[in-house]
Amino acid sequence: MEPDLGVGSQIVLKVKGTEQHFHIVGIMEMIGNETVGYITYMPIGTFNSMAHQVNHANMAVIRTTAGGPEQRKELASAVERAYQDQGLQVTSIFQMDDERLEIDSAFGVLVDLLLVMVLLLAFVGGLGLMSTMSLNVLERSREIGVIRAFGGSNRSVFRVVVLEGVAVGVMSWLGSLILALPLTWLFCRYIGLSFLSMPLDYRYSVSAAFIWLGLVIVLSAISSSLPAANATRLTVREVLSYE
């Protein structure tokens, strides 16, 4: 909001209606705007003296070893009753479970949309691989005929076509890894700027890449099964006379 300010600069903030001068020693990224407001960190002693809140507090942070959300909710209710029994009014209670749920729900729609796009792209890719393998079977009819003439069984012909389709799928997976590295960074940056006004942390999931490899192998095998089955139906006479 203030491009002229930075580490080492002086900033004027209004505390309890009085302007106070502060020295900036660090800057952190956070989600905020003029409506929500911003957070400024300073020594607790300095804040208490300026806000006239020495030996006072307006928030209690409780860390618990409770196992599940329901137990933590019961603990929050018990703490609220204990404060009220002592004559202390509790304005609100925030639980990290609720905060996480709110964040997950905010990004859930976006994640679901991306997953639908991924499934559609995988389906289209499977159809493309099926068409490619069907053309390969037609173009390599003589080769299949030679395999059958030398005693190749239907199982061996089927296995050759499926393994070729899986090999094509694995090569596409390797190419996608190269493209995913910069695209993931761009997604983190532009999605974060669009929704949170700040870029998201860039993290590449290696485990997800290998999970996708397993899905690619399964999808490639399924997509190659129909062309492979058609290849096993070709007779030696038909494939050797194919032009």
# chains A, B, ... in the order shown; residues from 1 in each chain; ligands from 1
$ select_by_dssp --residues "segment 10-77 of chain A" --states "strand (DSSP E)" --output "list of chain:residue names"
A:Gln10, A:Ile11, A:Val12, A:Leu13, A:Lys14, A:Val15, A:Thr18, A:Glu19, A:Gln20, A:His21, A:Phe22, A:His23
$ select_by_dssp --residues "segment 15-212 of chain A" --states "helix (DSSP H, G or I)" --output "JSON, numbers by chain"
{"A": [44, 45, 46, 47, 48, 49, 50, 51, 69, 70, 71, 72, 73, 74, 75, 76, 77, 78, 79, 80, 81, 82, 83, 84, 85, 96, 97, 98, 99, 100, 101, 102, 103, 104, 105, 106, 107, 108, 109, 110, 111, 112, 113, 114, 115, 116, 117, 118, 119, 120, 121, 122, 123, 124, 125, 126, 127, 128, 129, 130, 131, 132, 133, 134, 135, 136, 137, 138, 139, 141, 142, 143, 144, 145, 146, 147, 148, 149, 154, 155, 156, 157, 158, 159, 160, 161, 162, 163, 164, 165, 166, 167, 168, 169, 170, 171, 172, 173, 174, 175, 176, 177, 178, 179, 180, 181, 182, 183, 184, 185, 186, 187, 188, 189, 190, 191, 192, 193, 194, 195, 196, 206, 207, 208, 209, 210, 211, 212]}
$ residues_around --residues "Ile11 of chain A" --least-positions-apart "2" --cutoff "10 Å" --atoms "only C-alpha atoms" --output "ChimeraX atom specification"
/A:2,5-6,8-9,13,19-24
$ residues_around --residues "Ser172 of chain A" --least-positions-apart "5" --cutoff "9 Å" --atoms "only C-alpha atoms" --output "list in words"
Ala167, Leu177 and Val216 of chain A
$ residues_around --residues "Thr64 of chain A" --least-positions-apart "6" --cutoff "10 Å" --atoms "only C-alpha atoms" --output "PDB file with N, CA and C atoms, in the first residue's frame"
ATOM      1  N   GLN A  71     -13.777 -33.378  20.710  1.00  0.00           N
ATOM      2  CA  GLN A  71     -13.178 -33.168  22.028  1.00  0.00           C
ATOM      3  C   GLN A  71     -12.700 -31.729  22.185  1.00  0.00           C
ATOM      4  N   ARG A  72     -12.172 -31.160  21.108  1.00  0.00           N
ATOM      5  CA  ARG A  72     -11.710 -29.766  21.187  1.00  0.00           C
ATOM      6  C   ARG A  72     -12.890 -28.811  21.331  1.00  0.00           C
ATOM      7  N   LEU A  75     -13.902 -28.937  24.929  1.00  0.00           N
ATOM      8  CA  LEU A  75     -12.951 -28.175  25.733  1.00  0.00           C
ATOM      9  C   LEU A  75     -13.206 -26.676  25.598  1.00  0.00           C
TER      10      LEU A  75
END
$ closest_residue --among "A:Pro69, A:Gly26, A:Gly126, A:Pro3" --to "Asp98 of chain A" --atoms "only C-alpha atoms"
A:Pro69
$ closest_residue --among "A:Ile222, A:Ser92, A:Arg142, A:Thr40" --to "Asn58 of chain A" --atoms "only C-alpha atoms"
A:Ser92
$ atom_distance --atom1 "atom CA of Phe158 of chain A" --atom2 "atom CA of Asn136 of chain A"
13.0 Å
$ closest_residue --among "A:Ile62, A:Met130, A:Ala51, A:Met28" --to "Gly165 of chain A" --atoms "only C-alpha atoms"
A:Met130
$ residues_around --residues "segment 181-190 of chain A" --least-positions-apart "6" --cutoff "9 Å" --atoms "only C-alpha atoms" --output "PDB file with C-alpha atoms, in the first residue's frame"
ATOM      1  CA  MET A 198      -0.316 -12.671  -2.718  1.00  0.00           C
ATOM      2  CA  PRO A 199       1.457 -15.567  -4.468  1.00  0.00           C
ATOM      3  CA  LEU A 200       1.130 -19.026  -2.972  1.00  0.00           C
ATOM      4  CA  ASP A 201       4.180 -20.931  -1.748  1.00  0.00           C
ATOM      5  CA  TYR A 202       5.656 -22.990  -4.594  1.00  0.00           C
ATOM      6  CA  ARG A 203       5.878 -26.672  -3.674  1.00  0.00           C
ATOM      7  CA  TYR A 204       6.201 -29.495  -6.192  1.00  0.00           C
TER       8      TYR A 204
END
$ closest_residue --among "A:Ala209, A:Thr132, A:Asp85, A:Ala149" --to "Ser223 of chain A" --atoms "only C-alpha atoms"
A:Thr132
$ residues_around --residues "segment 159-164 of chain A" --least-positions-apart "2" --cutoff "12 Å" --atoms "only C-alpha atoms" --output "MDAnalysis selection string"
chainID A and resid 129:130 132:138 140:141 143:144 147 152:157 166:171 217:232
$ atom_distance --atom1 "atom CA of Val111 of chain A" --atom2 "atom CA of Ile178 of chain A"
22.0 Å
$ atom_distance --atom1 "atom CA of Gly68 of chain A" --atom2 "atom CA of Ala106 of chain A"
22.3 Å
